[in-house]
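Novice: Structure in C-alpha cells, see below.
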Amino acid sequence: MIAGKKSHTTPMSLIRDMSRKHTNYLTFTALVLVLGILTRGQGLKYDSIQNLVIAEAVRSFTALGVGMIIITRGIDLSIGYVICLTTSIAASFAQNADYTSAMYPGVDFPLWLPILAAICVGMIVGAFNGILVAYAKLPPFIATLGTLSLARGAQLIYTQAKVVGSLKDSYKHIAQGTIGPIPHLVIYVIIAAFVVWLILNHTRLGANLYAIGGNPQAARVAGIHVERDIVFVYTFAGMMYGIGGALMASRLGLANSLTGNGMELDAIAAVTIGGISQTGGVGTMGGMIVGVLTLGIINYGMTYLGIDSYYQLLMKGAIIIIAVFFDMRKHAR
C-alpha cells in the first residue's frame with residue numbers, strides 16, 4: 001500500500017491564492033486607501049461617497065447588462081448610443097407641457113410613460129443585437145458596432161440633433177430625490193444588482209449563461225438552448241440600458257446627442273476590472289459593481305489631482321488592456 005502525498009498548505013500559499021481569487025476586491029480596497037491619503041480624508045466623507053455613487057449609478061446599470069453579455073463570451077459596443085437614444089426618448093415624454101419647444105407641446109404625459117418608453121426601446125435594440133449574434137451568427141463585435149451606428153442615427157433623427165430640455169420637476173425627482181440620507185439612485189442600483197445576482201446564482205438560466213460562456217458547443221450538447229439564452233441576455237442588457245437612460249434623463253434634466261458618449265468604454269473597463277473574464281464563463285455581480293466603483297474612484301482621484309480629461313481616456317484604455325492581459329494570463333495558467 002502506497003501512502004498518498006499530503007498537500008502542505010502554507011499561510012503564504014493561502015494568501016497568494018486568496019489574492020489571485022479576489023484581486024478586484026483587493027484593488028478596490030487599496031484604491032480607497034490611496035484616495036483617502038491623497039484627499040486627506042475628504043474623499044472618504046459621506047458627502048464625497050454619496051456623490052461618487054450617484055455619479056456611477058447609470059454606469060452600474062450598463063455594467064450589469066454588459067457584464068452578463070461578456071459572461072456568455074459576447075460584447076456590446078452599442079451601449080453609449082443606446083443610452084443616448086433611450087435618454088432622449090425618456091426626456092421627450094417628460095417635458096413640461098407648456099414648454100414651447102417641447103417635442104410634444106401641450107401634451108402632459110404620465111410619469112410612467114418616459115420610463116416605459118425608454119425600457120421598451122432598450123429591449124428592442126437589445127433583442128435585435130441578440131438575434132444578430134444568436135441566429136444571424138454575426139460576431140458580437142460587428143453586430144453591436146452596426147447597432148451603435150443605428151442607435152446614433154435614430155437619436156439624431158428623433159431629436160433633430162436638438163437638446164431635449166425643460167423636464168418636469170416631478171420626473172427629475174425620480175433620480176434626484178432621496179429617502180432620508182439615501183439617494184433614490186442608490187436604491188435603484190441595489191435592486192438591479194439583486195436581480196442580476198438572483199439570475200446568475202439561483203436560476204437555471206444563470207447556470208446556462210456560465211455554461212455557454214465556458215463552452216457553447218458543450219452547452220448545446222447538454223441540452224441548453226444557446227440561441228434563446230443569448231437573445232435573452234442581450235434583451236436583458238437592453239432593458240438595463242433603458243432604465244439607465246430613463247434615470248440619466250431624470251438626473252440631468254435634459255438629453256442631447258452627446259449624452260452617454262463613451263459609456264461603452266466605461267462599462268467594459270469596469271466589468272473587466274471587476275473580474276469578468278473576456279474568455280467567458282467567469283464573473284459575478286459583486287465584481288461588476290466593484291469594477292464600477294473602482295473605475296469611479298480612479299476618475300475621482302485623477303480629477304482631484306487635476307489630470308486633464310483627455311489623459312483620463314488614455315488611462316481607461318490602458319486599464320482595459322492591462323486587465324485583459326492579466327485575465328488571459330491567469331486563465332492560461
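The chains in the C-alpha cells are called A, B, ... from first to last as shown; in each chain the residues are counted from 1, and the ligands are counted from 1 in the order shown.
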Give me the residues near A:Ile199 as a CSV table (one decimal) with C-alpha atoms, in the first residue's frame, where near means some atom within 12 Å (using only C-alpha atoms) and where sequence neighbours in that chain fewer than 3 positions away do not count.

Specialist:
chain,number,residue,atom,x,y,z
A,64,LEU,CA,-24.7,44.9,-15.0
A,68,MET,CA,-23.8,39.3,-18.3
A,192,ALA,CA,-30.9,45.9,-10.1
A,193,ALA,CA,-27.8,44.3,-8.6
A,194,PHE,CA,-30.0,41.9,-6.5
A,195,VAL,CA,-32.0,40.9,-9.7
A,196,VAL,CA,-28.7,40.1,-11.5
A,202,HIS,CA,-30.2,31.0,-8.2
A,203,THR,CA,-31.7,30.2,-11.6
A,204,ARG,CA,-31.2,27.6,-14.3
A,205,LEU,CA,-30.8,30.4,-16.8
A,206,GLY,CA,-27.8,31.8,-14.8
A,207,ALA,CA,-26.1,28.3,-14.9
A,208,ASN,CA,-26.8,28.2,-18.6
A,209,LEU,CA,-25.1,31.5,-19.2
A,210,TYR,CA,-21.9,30.4,-17.5
A,232,PHE,CA,-32.4,36.8,-23.6
A,233,VAL,CA,-29.1,38.1,-22.2
A,236,PHE,CA,-32.0,41.9,-20.6
A,284,THR,CA,-20.0,37.8,-10.5
A,285,MET,CA,-22.5,40.5,-9.8

Novice: At a cut-off of 7 Å, using only C-alpha atoms, what residues contact stretch 237-248 of chain A? Leave out same-chain residues fewer than 2 positions from it and give the result as a list in words.

Specialist: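 Selected residues are Val58, Phe61, Thr62, Gly65, Val66, Val82, Ile83, Cys84, Thr86, Thr87, Ala90, Pro114, Ile115, Ala118, Ile119, Val121, Gly122, Met123, Val125, Gly126, Ala175, Val233, Tyr234, Thr235, Ser250, Arg251 and Leu252 of chain A.
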
Novice: Could you check how far atom CA of A:Ile319 sits from atom CA of A:Thr272, in Å to one decimal?

Specialist: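 Those two atoms sit 8.7 Å apart.
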
Novice: How many Å lie between atom CA of A:Asn261 and atom CA of A:His184, rounded to one decimal?

Specialist: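 Distance reported for this atom pair: 23.7 Å.
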
Novice: Calculated over only C-alpha atoms, which of the candidates A:Gln278, A:Thr294, A:Asn24, A:Thr29 has the smallest distance to A:Arg59?

Specialist: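 Residue with the minimum atom-to-atom distance to A:Arg59: A:Thr294.
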
Novice: Point out the residue among A:Met103, A:Ala161, A:Leu44, A:Ile298 with the least atom-to-atom distance to A:Asn256, counting only C-alpha atoms.

Specialist: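 Under the stated criterion, the closest residue is A:Ala161.
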
Novice: Atom CA of A:Leu150 and atom CA of A:Tyr81 are how many Å apart?

Specialist: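 A separation of 8.7 Å between them.
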
Novice: Residues within 9 Å of stretch 138-147 of chain A, please, as a ChimeraX atom specification. Count only C-alpha atoms; anything in the same chain fewer than 6 positions from it doesn't count.

Specialist: /A:73-79,81-82,125,128-130,132

Novice: Kindly indicate which residue among A:Ile70, A:Ala94, A:Leu265, A:Ile212 lies nearest to A:His225, using only C-alpha atoms for the distances.

Specialist: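 The closest residue to A:His225 is A:Ile212.
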
Novice: Run DSSP on the backbone and grab whatever in stretch 6-211 of chain A lands in alpha helix (DSSP H); send it over as a PyMOL selection string.

Specialist: chain A and resi 11-21+23-38+46-71+79-93+112-134+140-159+169-176+184-202+204-211

Novice: Rank nothing, just name the residue among A:Gln50, A:Gln95, A:Thr259, A:Ser88 nearest to A:Ile157, using only C-alpha atoms.

Specialist: A:Ser88

Novice: From stretch 52-300 of chain A, collect each residue whose DSSP state is strand (DSSP E) and return the set as an MDAnalysis selection string.

Specialist: chainID A and resid 178:179 182:183

Novice: Pick from A:Tyr311, A:Tyr304, A:Tyr135, A:Phe325: nearest to A:Val231, with only C-alpha atoms counted?

Specialist: A:Tyr135

Novice: Give me the residues within 12 Å of A:Leu313 as a ChimeraX atom specification, counting only C-alpha atoms and dropping any in the same chain fewer than 5 places off.

Specialist: /A:262-263,265-266,269,295,298-299,302,307-308,318-320

Novice: Identify, on the basis of only C-alpha atoms, every residue whose closest approach to A:Leu293 does not exceed 10 Å; exclude the query and any residue fewer than 6 positions from it along the same chain; express the result as a list in words.

Specialist: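 Result of the neighbour search: Phe28, Val32, Leu52, Val53, Ala55, Glu56, Ala57, Arg59, Ser60, Ala270, Ile273, Gly274, Gly287 and Asn299 of chain A.
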
Novice: Which one of A:Asn51, A:Tyr158, A:Gly275, A:Ile174 sits closest to A:Leu85 if you count only C-alpha atoms?

Specialist: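 When distances to A:Leu85 are compared using only C-alpha atoms, the smallest one comes from A:Tyr158.
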